[in-house]
>>> print(open('query-v4.txt').read())   # compact mmCIF, C-alpha atoms and all ligand atoms
# COMPACT_ATOMS: atom_id res chain seq x y z
CA MET J 29 115.76 111.12 48.32
CA THR J 30 114.69 109.50 45.08
CA GLU J 31 114.60 111.94 42.19
CA GLU J 32 111.48 111.76 40.04
CA ALA J 33 112.16 111.31 36.31
CA THR J 34 112.30 114.62 34.47
CA ARG J 35 109.35 115.06 32.12
CA ILE J 36 109.61 117.07 28.92
CA LEU J 37 106.85 117.99 26.48
CA VAL J 38 107.91 118.54 22.85
CA VAL J 39 105.51 120.73 20.85
CA ASP J 40 106.20 120.96 17.13
CA ASP J 41 103.99 120.50 14.07
CA ASP J 42 106.96 119.44 11.98
CA GLU J 43 107.01 115.70 12.48
CA ALA J 44 110.68 115.18 11.59
CA GLY J 45 111.87 117.97 13.85
CA ARG J 46 109.67 116.67 16.70
CA TYR J 47 111.03 113.16 16.21
CA VAL J 48 114.66 114.26 16.29
CA LYS J 49 114.22 116.34 19.43
CA THR J 50 112.26 113.60 21.21
CA ARG J 51 114.92 111.03 20.36
CA ILE J 52 117.80 113.16 21.56
CA LEU J 53 116.03 113.82 24.87
CA LYS J 54 114.93 110.20 25.40
CA SER J 55 118.50 109.06 24.84
CA LYS J 56 119.43 111.01 27.95
CA GLY J 57 116.75 109.35 30.07
CA TYR J 58 114.12 112.10 29.99
CA VAL J 59 110.46 111.08 29.89
CA VAL J 60 109.19 112.76 26.77
CA SER J 61 105.67 113.30 25.49
CA GLU J 62 104.86 115.13 22.27
CA THR J 63 102.17 116.98 20.40
CA ALA J 64 101.80 119.00 17.19
CA LEU J 65 99.11 121.37 18.48
CA GLY J 66 99.25 124.38 20.78
CA LEU J 67 95.87 123.80 22.43
CA VAL J 68 96.74 120.17 23.13
CA ALA J 69 100.00 121.37 24.64
CA ILE J 70 98.05 123.66 26.98
CA GLU J 71 95.74 120.80 27.96
CA GLN J 72 98.66 118.47 28.63
CA ALA J 73 100.47 121.09 30.66
CA GLU J 74 97.35 121.59 32.76
CA ALA J 75 96.83 117.85 33.28
CA ALA J 76 100.39 117.07 34.37
CA GLN J 77 102.83 119.91 34.48
CA PRO J 78 106.02 118.81 32.74
CA ASP J 79 109.34 120.13 33.98
CA LEU J 80 110.09 121.69 30.65
CA ILE J 81 108.33 122.40 27.36
CA LEU J 82 110.14 122.57 24.04
CA LEU J 83 107.76 124.87 22.20
CA ASP J 84 107.81 125.71 18.48
CA VAL J 85 106.71 129.27 17.74
CA MET J 86 104.69 128.52 14.64
CA LEU J 87 101.90 126.01 15.27
CA PRO J 88 98.87 125.28 13.11
CA ASP J 89 96.18 126.18 15.67
CA ILE J 90 97.53 128.99 17.86
CA SER J 91 100.83 130.86 18.15
CA GLY J 92 103.52 129.21 20.22
CA ILE J 93 104.10 132.55 21.91
CA GLU J 94 100.45 132.61 23.06
CA VAL J 95 100.76 129.00 24.27
CA CYS J 96 103.81 130.02 26.29
CA ARG J 97 102.03 133.05 27.77
CA ARG J 98 99.05 130.95 28.94
CA ILE J 99 101.12 128.16 30.43
CA LYS J 100 103.50 130.54 32.15
CA SER J 101 100.67 132.59 33.66
CA GLU J 102 99.21 129.47 35.19
CA PHE J 103 102.37 127.46 35.97
CA PRO J 104 105.31 129.84 36.25
CA GLY J 105 107.52 126.97 37.46
CA VAL J 106 107.31 125.12 34.14
CA MET J 107 110.36 125.95 32.00
CA VAL J 108 109.68 126.89 28.40
CA LEU J 109 112.35 126.64 25.70
CA GLN J 110 110.95 128.31 22.63
CA THR J 111 112.25 127.04 19.27
CA SER J 112 111.72 128.29 15.75
CA ALA J 113 113.00 127.72 12.25
CA ALA J 114 110.84 130.43 10.72
CA PHE J 115 111.20 133.33 13.15
CA THR J 116 114.89 133.86 13.64
CA ARG J 117 115.33 137.61 13.75
CA PRO J 118 116.32 139.31 17.00
CA GLN J 119 112.76 140.74 17.34
CA ASP J 120 111.41 137.19 17.26
CA ARG J 121 113.70 136.16 20.09
CA THR J 122 112.69 139.26 21.99
CA SER J 123 108.96 138.71 21.63
CA ALA J 124 109.34 135.04 22.61
CA LEU J 125 111.29 135.95 25.74
CA ASP J 126 108.82 138.77 26.48
CA GLY J 127 106.03 136.23 26.21
CA GLY J 128 107.56 134.40 29.14
CA ALA J 129 109.87 131.88 27.49
CA ASP J 130 112.95 131.07 29.51
CA SER J 131 115.18 130.66 26.47
CA PHE J 132 115.10 130.62 22.70
CA LEU J 133 116.87 128.40 20.15
CA VAL J 134 116.92 128.67 16.36
CA GLU J 135 116.34 125.48 14.38
CA PRO J 136 117.97 123.35 13.23
CA ILE J 137 119.42 122.77 16.62
CA ASP J 138 122.68 120.99 17.25
CA PRO J 139 121.93 118.02 19.59
CA ASP J 140 124.63 119.04 22.11
CA GLU J 141 123.36 122.58 22.19
CA LEU J 142 119.82 121.34 22.75
CA LEU J 143 120.90 119.13 25.65
CA ALA J 144 123.01 121.89 27.15
CA ALA J 145 120.14 124.37 26.94
CA VAL J 146 117.70 121.85 28.45
CA ASN J 147 120.13 121.06 31.23
CA ALA J 148 120.66 124.71 32.03
CA LEU J 149 116.92 125.36 32.23
CA LEU J 150 116.37 122.31 34.42
CA ARG J 151 119.07 123.52 36.76
CA VAL J 152 117.30 126.84 37.07
CA ARG J 153 114.03 125.00 37.69
CA ARG J 154 115.56 122.86 40.42
CA ALA J 155 117.04 125.91 42.09
CA GLU J 156 113.71 127.72 41.92
CA ARG J 157 111.87 124.75 43.37
CA GLU J 158 114.39 124.38 46.16
CA LEU J 159 114.00 128.04 46.99
CA ARG J 160 110.23 127.72 47.03
CA ARG J 161 110.47 124.65 49.26
CA LEU J 162 112.81 126.47 51.64
CA ASN J 163 110.43 129.40 51.80
CA GLU J 164 107.54 127.14 52.59
CA THR J 165 109.41 125.23 55.31
CA LEU J 166 111.05 128.31 56.79
CA GLU J 167 107.88 129.43 58.48
CA ALA J 168 107.29 125.96 59.87
CA GLN J 169 110.89 125.84 61.11
CA VAL J 170 110.57 129.19 62.80
CA ALA J 171 107.34 128.10 64.48
CA GLU J 172 108.91 124.85 65.61
CA ARG J 173 112.00 126.58 66.95
CA THR J 174 109.87 129.16 68.75
CA SER J 175 107.86 126.48 70.47
CA GLU J 176 111.04 124.62 71.41
CA LEU J 177 112.41 127.79 72.94
CA ALA J 178 109.19 128.45 74.81
CA GLU J 179 109.30 124.92 76.16
CA ALA J 180 112.94 125.26 77.26
CA ASN J 181 112.10 128.57 78.88
CA ALA J 182 109.16 127.10 80.79
CA HIS J 183 111.41 124.27 81.92
CA LEU J 184 114.03 126.73 83.12
CA GLU J 185 111.45 128.81 84.99
CA GLN J 186 110.19 125.71 86.70
CA GLU J 187 113.73 124.76 87.71
CA VAL J 188 114.37 128.23 89.07
CA ALA J 189 111.16 128.10 91.10
CA GLU J 190 112.04 124.68 92.50
CA ARG J 191 115.50 125.83 93.37
CA ARG J 192 114.17 128.89 95.12
CA LYS J 193 111.84 126.69 97.12
CA ALA J 194 114.70 124.39 98.11
CA GLU J 195 116.85 127.36 99.09
CA GLN J 196 114.08 128.76 101.21
CA ALA J 197 113.61 125.44 102.95
CA LEU J 198 117.34 125.20 103.58
CA TRP J 199 117.52 128.76 104.84
CA HIS J 200 114.58 128.14 107.14
CA SER J 201 116.12 125.00 108.61
CA GLN J 202 119.47 126.75 109.06
CA LYS J 203 117.73 129.60 110.81
CA LEU J 204 115.94 127.21 113.12
CA GLU J 205 119.21 125.46 113.87
CA ALA J 206 120.88 128.78 114.72
CA VAL J 207 117.99 129.84 116.91
CA GLY J 208 118.13 126.45 118.65
CA GLN J 209 121.84 126.83 119.21
CA LEU J 210 121.36 130.33 120.59
CA THR J 211 118.54 129.33 122.92
CA GLY J 212 120.44 126.27 124.13
CA GLY J 213 123.58 128.34 124.63
CA VAL J 214 121.83 131.04 126.64
CA ALA J 215 119.98 128.50 128.77
CA HIS J 216 123.12 126.48 129.39
CA ASP J 217 125.30 129.45 130.34
CA PHE J 218 122.72 131.01 132.60
CA ASN J 219 121.93 127.68 134.18
CA ASN J 220 125.60 127.30 135.14
CA LEU J 221 125.76 130.80 136.51
CA LEU J 222 122.50 130.43 138.44
CA THR J 223 123.74 127.17 139.92
CA VAL J 224 126.84 128.95 141.20
CA ILE J 225 124.81 131.89 142.53
CA SER J 226 122.10 129.81 144.24
CA GLY J 227 124.68 127.30 145.52
CA ASN J 228 126.63 130.07 147.19
CA LEU J 229 123.50 131.70 148.57
CA GLU J 230 122.44 128.32 149.94
CA LEU J 231 125.78 128.00 151.69
CA VAL J 232 125.36 131.50 153.14
CA ARG J 233 121.90 130.57 154.44
CA GLU J 234 123.19 127.32 155.97
CA ALA J 235 126.11 129.11 157.59
CA LEU J 236 123.86 131.76 159.10
CA SER J 237 121.24 129.30 160.38
CA GLY J 238 123.81 127.03 162.08
CA ASN J 239 124.63 127.06 165.78
CA ARG J 240 127.97 128.72 165.32
CA ALA J 241 128.20 132.13 163.77
CA PRO J 242 130.16 131.86 160.48
CA SER J 243 133.32 133.83 160.00
CA THR J 244 132.93 137.07 158.09
CA GLU J 245 135.76 135.89 155.88
CA ARG J 246 133.84 132.76 154.82
CA LEU J 247 130.65 134.73 154.18
CA LEU J 248 132.52 137.25 152.05
CA ARG J 249 134.12 134.42 150.02
CA LEU J 250 130.71 132.87 149.29
CA ILE J 251 129.21 136.23 148.37
CA LYS J 252 132.18 137.05 146.15
CA SER J 253 131.76 133.77 144.35
CA ALA J 254 128.05 134.45 143.75
CA GLN J 255 128.89 137.98 142.68
CA GLY J 256 131.49 136.68 140.21
CA ALA J 257 128.90 134.44 138.56
CA ALA J 258 126.45 137.34 138.34
CA ASP J 259 129.19 139.46 136.69
CA ARG J 260 129.88 136.74 134.14
CA GLY J 261 126.14 136.65 133.42
CA ALA J 262 126.22 140.39 132.83
CA LEU J 263 129.13 139.91 130.39
CA VAL J 264 127.22 137.26 128.44
CA THR J 265 124.24 139.62 128.28
CA GLN J 266 126.50 142.39 127.00
CA GLN J 267 127.97 140.21 124.28
CA LEU J 268 124.53 139.04 123.23
CA LEU J 269 123.37 142.63 123.06
CA ALA J 270 126.42 143.45 120.96
CA PHE J 271 125.56 140.67 118.55
CA ALA J 272 121.97 141.83 118.42
CA ARG J 273 123.35 145.32 117.65
CA ARG J 274 121.62 146.68 120.70
CA SER J 275 124.76 147.87 122.48
CA MET J 276 124.81 151.48 123.57
CA LEU J 277 127.53 152.51 121.16
CA ARG J 278 129.35 155.74 121.92
CA ALA J 279 130.72 156.40 118.48
CA GLU J 280 133.61 158.81 118.12
CA SER J 281 135.73 159.95 115.24
CA VAL J 282 138.81 157.92 116.06
CA ASP J 283 142.39 157.70 114.82
CA LEU J 284 142.96 153.96 115.01
CA SER J 285 146.76 154.14 114.78
CA ALA J 286 146.90 155.97 118.09
CA LEU J 287 144.23 153.80 119.66
CA ILE J 288 145.81 150.49 118.65
CA ALA J 289 149.33 151.62 119.48
CA ALA J 290 148.17 152.48 123.00
CA PHE J 291 146.50 149.09 123.23
CA ALA J 292 149.49 147.09 121.91
CA GLY J 293 151.02 146.23 125.28
CA PHE J 294 147.75 144.84 126.53
CA LEU J 295 147.33 142.79 123.35
CA GLN J 296 150.84 141.38 123.63
CA ARG J 297 150.15 140.25 127.21
CA ALA J 298 146.91 138.59 126.08
CA LEU J 299 148.79 136.76 123.34
CA GLY J 300 151.66 135.62 125.54
CA GLU J 301 155.40 136.06 125.05
CA ALA J 302 155.75 133.18 122.56
CA ILE J 303 153.59 134.98 119.99
CA LYS J 304 155.13 137.72 117.93
CA LEU J 305 152.86 140.71 117.36
CA GLU J 306 153.53 143.01 114.41
CA MET J 307 151.62 146.13 113.48
CA SER J 308 151.54 148.40 110.46
CA PHE J 309 149.53 151.52 109.70
CA ASP J 310 148.71 153.52 106.61
CA PRO J 311 150.82 156.71 107.02
CA ASP J 312 147.82 158.95 106.20
CA LEU J 313 145.25 156.88 107.99
CA TRP J 314 141.70 158.21 107.84
CA ARG J 315 139.59 158.51 110.94
CA CYS J 316 136.70 156.16 111.43
CA GLY J 317 133.45 156.47 113.34
CA ILE J 318 133.34 153.79 116.03
CA ASP J 319 132.96 153.19 119.75
CA PRO J 320 136.60 152.81 120.92
CA ILE J 321 135.77 150.57 123.88
CA GLN J 322 133.79 148.13 121.74
CA PHE J 323 136.59 148.26 119.18
CA GLU J 324 139.18 147.26 121.80
CA ALA J 325 136.92 144.42 122.93
CA ALA J 326 136.66 143.24 119.31
CA ILE J 327 140.44 143.34 118.75
CA LEU J 328 140.98 141.50 122.02
CA ASN J 329 138.49 138.82 120.93
CA LEU J 330 140.35 138.44 117.64
CA ALA J 331 143.71 138.22 119.41
CA VAL J 332 142.46 135.58 121.82
CA ASN J 333 141.07 133.54 118.93
CA ALA J 334 144.41 133.86 117.13
CA ARG J 335 146.27 132.71 120.24
CA ASP J 336 143.96 129.70 120.65
CA ALA J 337 144.38 128.79 116.98
CA MET J 338 148.19 128.81 117.19
CA GLY J 339 148.70 126.52 120.12
CA GLY J 340 150.74 129.14 122.00
CA SER J 341 153.36 130.20 119.44
CA GLY J 342 153.38 131.86 116.03
CA HIS J 343 152.82 135.37 114.80
CA VAL J 344 149.96 137.80 114.58
CA THR J 345 149.88 140.89 112.40
CA VAL J 346 147.55 143.82 112.70
CA GLU J 347 147.44 145.93 109.53
CA VAL J 348 145.44 149.14 109.31
CA VAL J 349 144.90 150.66 105.86
CA ASN J 350 142.61 153.09 104.08
CA MET J 351 140.36 151.34 101.63
CA THR J 352 137.91 152.61 99.00
CA VAL J 353 135.49 150.01 97.72
CA PRO J 354 134.18 150.93 94.24
CA ALA J 355 130.50 150.62 93.42
CA ASP J 356 130.65 147.56 91.23
CA PRO J 357 131.44 143.86 91.60
CA PRO J 358 133.81 142.11 92.11
CA HIS J 359 134.84 144.78 94.64
CA THR J 360 131.41 144.78 96.18
CA THR J 361 130.00 141.48 97.35
CA ARG J 362 127.18 140.30 99.54
CA ASP J 363 129.47 141.07 102.51
CA LEU J 364 130.98 144.32 101.31
CA THR J 365 129.34 147.45 99.93
CA GLU J 366 130.67 150.54 98.23
CA GLY J 367 132.28 153.15 100.44
CA SER J 368 135.40 154.48 102.17
CA TYR J 369 136.65 152.41 105.06
CA VAL J 370 139.47 152.05 107.47
CA CYS J 371 140.29 148.36 107.16
CA VAL J 372 141.77 146.52 110.15
CA ARG J 373 143.20 143.13 109.22
CA VAL J 374 144.14 140.71 111.96
CA THR J 375 146.12 137.76 110.59
CA ASP J 376 147.39 134.73 112.45
CA SER J 377 149.55 131.75 111.47
CA GLY J 378 147.22 129.32 113.20
CA GLU J 379 145.37 126.19 112.18
CA GLY J 380 142.74 128.04 110.10
CA MET J 381 139.10 127.12 109.67
CA THR J 382 137.20 124.79 107.40
CA PRO J 383 134.59 126.53 105.22
CA GLU J 384 131.87 125.04 107.45
CA VAL J 385 133.39 126.53 110.61
CA ALA J 386 134.04 129.89 108.91
CA ALA J 387 130.42 130.01 107.73
CA ARG J 388 129.14 129.64 111.29
CA ALA J 389 131.88 131.39 113.24
CA PHE J 390 129.84 134.57 113.85
CA GLU J 391 126.88 132.67 115.31
CA PRO J 392 126.48 133.26 119.03
CA PHE J 393 127.48 130.18 121.04
CA PHE J 394 129.07 128.53 118.03
CA THR J 395 132.37 127.17 119.26
CA THR J 396 134.68 124.31 118.37
CA LYS J 397 136.51 124.62 121.65
CA GLU J 398 136.06 122.19 124.50
CA ILE J 399 133.64 122.93 127.29
CA GLY J 400 134.96 125.66 129.54
CA LYS J 401 137.46 126.92 126.92
CA GLY J 402 135.14 128.97 124.74
CA SER J 403 131.58 130.23 124.93
CA GLY J 404 131.29 131.01 121.20
CA LEU J 405 130.51 134.67 121.84
CA GLY J 406 133.78 136.33 120.82
CA LEU J 407 133.19 136.65 117.07
CA SER J 408 129.51 137.42 117.55
CA GLN J 409 130.56 140.50 119.55
CA VAL J 410 132.95 141.44 116.71
CA TYR J 411 130.23 140.94 114.11
CA GLY J 412 127.56 142.84 116.01
CA PHE J 413 129.88 145.74 116.81
CA VAL J 414 131.11 146.14 113.23
CA LYS J 415 127.63 145.87 111.74
CA GLN J 416 126.16 148.28 114.24
CA SER J 417 128.95 150.71 113.32
CA GLY J 418 127.88 150.54 109.66
CA GLY J 419 130.83 148.40 108.60
CA HIS J 420 131.55 144.90 107.35
CA VAL J 421 133.58 141.96 108.57
CA ILE J 422 135.05 139.23 106.40
CA ILE J 423 136.85 136.01 107.34
CA ASP J 424 139.51 134.58 105.02
CA SER J 425 140.70 131.24 106.24
CA ALA J 426 141.59 127.72 105.18
CA PRO J 427 142.69 124.72 107.22
CA GLY J 428 146.45 124.93 107.79
CA ALA J 429 146.72 128.34 106.13
CA GLY J 430 145.97 130.67 109.04
CA THR J 431 143.17 133.17 109.34
CA THR J 432 142.63 136.80 108.44
CA VAL J 433 139.68 138.67 109.87
CA SER J 434 139.14 142.03 108.14
CA LEU J 435 137.06 144.72 109.78
CA TYR J 436 135.85 147.42 107.37
CA LEU J 437 135.04 150.41 109.55
CA PRO J 438 133.33 153.39 107.91
CA ARG J 439 135.52 156.42 107.35
CA SER J 440 134.66 159.50 109.38
CA GLU J 441 135.49 163.01 108.21
CA LEU J 442 134.52 164.59 111.51
CA PRO J 443 137.19 166.12 113.74
CA PRO J 444 138.58 163.95 116.55
CA GLU J 445 136.45 163.06 119.53
CA THR J 446 133.28 164.42 118.00
CA LEU J 447 130.48 162.25 119.16
CA SER J 448 128.76 161.00 116.09
CA LYS J 449 125.57 159.08 115.91
CA PRO J 450 126.07 155.36 115.48
CA ALA J 451 125.19 154.14 112.02
N1 LIG J 501 141.67 132.88 114.35
C1 LIG J 501 140.98 131.73 114.30
N2 LIG J 501 141.58 130.61 113.80
C2 LIG J 501 140.89 129.44 113.72
N3 LIG J 501 139.60 129.29 114.11
C3 LIG J 501 138.96 130.37 114.62
C4 LIG J 501 139.61 131.63 114.72
N4 LIG J 501 138.72 132.51 115.24
C5 LIG J 501 137.58 131.82 115.44
N5 LIG J 501 137.72 130.55 115.10
C6 LIG J 501 136.68 129.49 115.14
O1 LIG J 501 135.44 130.13 115.31
C7 LIG J 501 134.79 129.65 116.50
C8 LIG J 501 133.98 130.79 117.11
O2 LIG J 501 134.83 131.81 117.58
P1 LIG J 501 134.34 132.73 118.76
O3 LIG J 501 135.40 133.70 119.06
O4 LIG J 501 132.99 133.28 118.42
O5 LIG J 501 134.11 131.70 119.93
P2 LIG J 501 135.20 130.97 120.82
O6 LIG J 501 136.54 131.55 120.61
O7 LIG J 501 135.03 129.53 120.54
O8 LIG J 501 134.68 131.31 122.27
P3 LIG J 501 134.82 132.74 123.05
O9 LIG J 501 135.40 133.68 122.09
O10 LIG J 501 133.43 133.08 123.42
O11 LIG J 501 135.69 132.45 124.17
C9 LIG J 501 135.93 129.17 117.35
O12 LIG J 501 135.46 128.17 118.26
C10 LIG J 501 136.87 128.58 116.31
O13 LIG J 501 136.43 127.31 115.87
MG MG J 502 136.82 133.62 120.73
>>> encode(input="query-v4.txt", output="structure tokens")
Amino acid sequence: MTEEATRILVVDDDEAGRYVKTRILKSKGYVVSETALGLVAIEQAEAAQPDLILLDVMLPDISGIEVCRRIKSEFPGVMVLQTSAAFTRPQDRTSALDGGADSFLVEPIDPDELLAAVNALLRVRRAERELRRLNETLEAQVAERTSELAEANAHLEQEVAERRKAEQALWHSQKLEAVGQLTGGVAHDFNNLLTVISGNLELVREALSGNRAPSTERLLRLIKSAQGAADRGALVTQQLLAFARRSMLRAESVDLSALIAAFAGFLQRALGEAIKLEMSFDPDLWRCGIDPIQFEAAILNLAVNARDAMGGSGHVTVEVVNMTVPADPPHTTRDLTEGSYVCVRVTDSGEGMTPEVAARAFEPFFTTKEIGKGSGLGLSQVYGFVKQSGGHVIIDSAPGAGTTVSLYLPRSELPPETLSKPA
């Protein structure tokens, strides 16, 4: 920024004094103009406000104090250094300063003192100007900043809206994919079962319409085969109903330690001898309100999954603990809400799941197993049962790190065996 030259007006009717002051100031690079008259000084100040006026008190036309008052009332930013050889008493200083002068010096003035006083006043003037400039620009800055913020906010809102749209589209396509999978799964399973049933019925019809009467034994075998397929169909329907939370749950207030302990032998047989099964229970385990038969089916599904994930050997633990989930995050999540639960954790040392598999594991008919090995309905039964019971189920798994499935079953304070309404 290039600094404009500082302009000073020297007002003094004494020619010698005016000359000396002008010379001293010019020697320091100030642009100096001069006059002997007060009215001329006022005119000059009005035409081009100087930065500073060196103003003698006693002038031939009007009093220097009056000149100061008029200039200051119109241009308060112009610095006035009042000087006087005649009026040197304290009252004179006082009336000059009261008249608006910024400082007062008694003549004759020492050149260094004059320059120091001028410098000091100019510093004050620069500071005042800077302050005024800041004040003026402050409002503009605030306005500019406000509009920047509004713009950023609008941008953010637009991004949020776009993101929401994208999420909705993704959710919709995922939903369609799941529905497609479900429909395909149901159609495929029932098609297989119907083929078995109608194939066997066809054989029965052929046998009966032949020349030779078929053996009762053969007929019974065919019928049994058709019946078996129909039973499997009924099982699929049951699991689908469980997932849809439309099972007829017979909820009871159950002590899971007793229930699971009684079920342990069966579980161990399902797992096979090469898999070690360990169990632990909270010593003061609460009761929970669930349908015990659906619960056993769920645990069996989890055990079978664990067995399949471990390639025949490894270990499975079943831990049952009381758990109170406080009202606030991080305890509560999308999958877990506040409350008192009996938590059943089934952990295996198997191959684990990728995040993609874990995210879809509860979907009916989602399976990674080869055809004939898995129908993809096990975890959907678990999910449907737990949700219908008013609980939550969470999978913790990583490839190579095993899997833990935690069932959070709502605590029941009712006495044992009381039939409670399903949640
Ligand atoms: N303990 C586990 N370890 C590793 N992967 C698992 C485990 N449990 C489930 N999975 C994965 O989740 C998929 C779905 O499991 P789910 O029990 O629903 O079906 P499935 O076991 O494939 O078939 P089904 O249980 O109907 O016989 C499995 O195919 C497997 O990929
Ligand atoms: Mg399974």
>>> residues_around(input="query-v4.txt", residues="Val433 of chain J", least_positions_apart="5", cutoff="8 Å", atoms="all atoms listed in the file", output="number ranges by chain")
J: 330, 373-375, 421-424
>>> atom_distance(input="query-v4.txt", atom1="atom CA of Gly378 of chain J", atom2="atom CA of Leu299 of chain J")
12.7 Å
>>> residues_near_ligand(input="query-v4.txt", ligand="ligand LIG 501 (chain J)", cutoff="8 Å", atoms="only C-alpha atoms and all ligand atoms", output="PyMOL selection string")
chain J and resi 329-338+375-376+378-381+385-386+388-397+401-409+425+430-433
>>> closest_residue(input="query-v4.txt", among="J:Ala144, J:Leu184, J:Val232, J:Ala44", to="Glu245 of chain J", atoms="all atoms listed in the file")
J:Val232
>>> residues_around(input="query-v4.txt", residues="Gln77 of chain J", least_positions_apart="2", cutoff="10 Å", atoms="all atoms listed in the file", output="mmCIF file with C-alpha atoms, in the coordinates of the input")
data_model
loop_
_atom_site.group_PDB
_atom_site.id
_atom_site.type_symbol
_atom_site.label_atom_id
_atom_site.label_comp_id
_atom_site.auth_asym_id
_atom_site.auth_seq_id
_atom_site.Cartn_x
_atom_site.Cartn_y
_atom_site.Cartn_z
ATOM 1 C CA ARG J 35 109.350 115.060 32.120
ATOM 2 C CA ILE J 36 109.610 117.070 28.920
ATOM 3 C CA LEU J 37 106.850 117.990 26.480
ATOM 4 C CA ILE J 70 98.050 123.660 26.980
ATOM 5 C CA GLU J 71 95.740 120.800 27.960
ATOM 6 C CA GLN J 72 98.660 118.470 28.630
ATOM 7 C CA ALA J 73 100.470 121.090 30.660
ATOM 8 C CA GLU J 74 97.350 121.590 32.760
ATOM 9 C CA ALA J 75 96.830 117.850 33.280
ATOM 10 C CA ASP J 79 109.340 120.130 33.980
ATOM 11 C CA LEU J 80 110.090 121.690 30.650
ATOM 12 C CA ILE J 81 108.330 122.400 27.360
ATOM 13 C CA ILE J 99 101.120 128.160 30.430
ATOM 14 C CA PHE J 103 102.370 127.460 35.970
ATOM 15 C CA GLY J 105 107.520 126.970 37.460
ATOM 16 C CA VAL J 106 107.310 125.120 34.140
ATOM 17 C CA MET J 107 110.360 125.950 32.000
#
>>> residues_around(input="query-v4.txt", residues="segment 151-157 of chain J", least_positions_apart="2", cutoff="12 Å", atoms="only C-alpha atoms", output="list in words")
Glu31, Glu32, Thr34, Pro78, Asp79, Leu80, Pro104, Gly105, Val106, Met107, Val108, Asp130, Ser131, Ala144, Ala145, Val146, Asn147, Ala148, Leu149, Leu159, Arg160, Arg161, Leu162, Asn163 and Glu164 of chain J
>>> write_last_selection(input="query-v4.txt", atoms="C-alpha atoms", output="CSV table (one decimal), in the frame of the given file")
chain,number,residue,atom,x,y,z
J,31,GLU,CA,114.6,111.9,42.2
J,32,GLU,CA,111.5,111.8,40.0
J,34,THR,CA,112.3,114.6,34.5
J,78,PRO,CA,106.0,118.8,32.7
J,79,ASP,CA,109.3,120.1,34.0
J,80,LEU,CA,110.1,121.7,30.6
J,104,PRO,CA,105.3,129.8,36.2
J,105,GLY,CA,107.5,127.0,37.5
J,106,VAL,CA,107.3,125.1,34.1
J,107,MET,CA,110.4,126.0,32.0
J,108,VAL,CA,109.7,126.9,28.4
J,130,ASP,CA,113.0,131.1,29.5
J,131,SER,CA,115.2,130.7,26.5
J,144,ALA,CA,123.0,121.9,27.2
J,145,ALA,CA,120.1,124.4,26.9
J,146,VAL,CA,117.7,121.8,28.4
J,147,ASN,CA,120.1,121.1,31.2
J,148,ALA,CA,120.7,124.7,32.0
J,149,LEU,CA,116.9,125.4,32.2
J,159,LEU,CA,114.0,128.0,47.0
J,160,ARG,CA,110.2,127.7,47.0
J,161,ARG,CA,110.5,124.6,49.3
J,162,LEU,CA,112.8,126.5,51.6
J,163,ASN,CA,110.4,129.4,51.8
J,164,GLU,CA,107.5,127.1,52.6
>>> closest_residue(input="query-v4.txt", among="J:Arg297, J:Arg362, J:Asn350, J:Gln267", to="ligand MG 502 (chain J)", atoms="all atoms listed in the file")
J:Gln267
>>> atom_distance(input="query-v4.txt", atom1="atom CA of Phe115 of chain J", atom2="atom CA of Val134 of chain J")
8.0 Å
>>> atom_distance(input="query-v4.txt", atom1="atom MG of ligand MG 502 (chain J)", atom2="atom CA of Arg315 of chain J")
26.9 Å
>>> residues_around(input="query-v4.txt", residues="Thr116 of chain J", least_positions_apart="4", cutoff="10 Å", atoms="all atoms listed in the file", output="PyMOL selection string")
chain J and resi 111-112+120-121+132-135
>>> residues_around(input="query-v4.txt", residues="Thr352 of chain J", least_positions_apart="4", cutoff="7 Å", atoms="only C-alpha atoms", output="list in words")
Gly367, Ser368 and Tyr369 of chain J
>>> closest_residue(input="query-v4.txt", among="J:Arg192, J:Lys49, J:Arg97, J:Lys415", to="Gly66 of chain J", atoms="all atoms listed in the file")
J:Arg97
>>> axis_aligned_box(input="query-v4.txt", around="segment 170-178 of chain J", padding_each_side="6 Å", output="AutoDock Vina command-line options")
--center_x 109.9 --center_y 126.9 --center_z 68.8 --size_x 17.1 --size_y 16.6 --size_z 24.0
>>> decode(input="query-v4.txt", residues="segment 329-341 of chain J", atoms="C-alpha atoms", output="PDB file, in the first residue's frame")
ATOM      1  CA  ASN J 329     -29.654 -74.054  13.884  1.00  0.00           C
ATOM      2  CA  LEU J 330     -26.744 -72.134  15.395  1.00  0.00           C
ATOM      3  CA  ALA J 331     -24.966 -75.351  16.375  1.00  0.00           C
ATOM      4  CA  VAL J 332     -25.364 -76.826  12.910  1.00  0.00           C
ATOM      5  CA  ASN J 333     -24.009 -73.646  11.348  1.00  0.00           C
ATOM      6  CA  ALA J 334     -21.054 -73.751  13.751  1.00  0.00           C
ATOM      7  CA  ARG J 335     -20.374 -77.387  12.854  1.00  0.00           C
ATOM      8  CA  ASP J 336     -20.498 -76.605   9.116  1.00  0.00           C
ATOM      9  CA  ALA J 337     -18.154 -73.641   9.589  1.00  0.00           C
ATOM     10  CA  MET J 338     -15.538 -75.732  11.420  1.00  0.00           C
ATOM     11  CA  GLY J 339     -15.107 -78.544   8.964  1.00  0.00           C
ATOM     12  CA  GLY J 340     -15.913 -81.172  11.605  1.00  0.00           C
ATOM     13  CA  SER J 341     -13.572 -80.262  14.482  1.00  0.00           C
TER      14      SER J 341
END
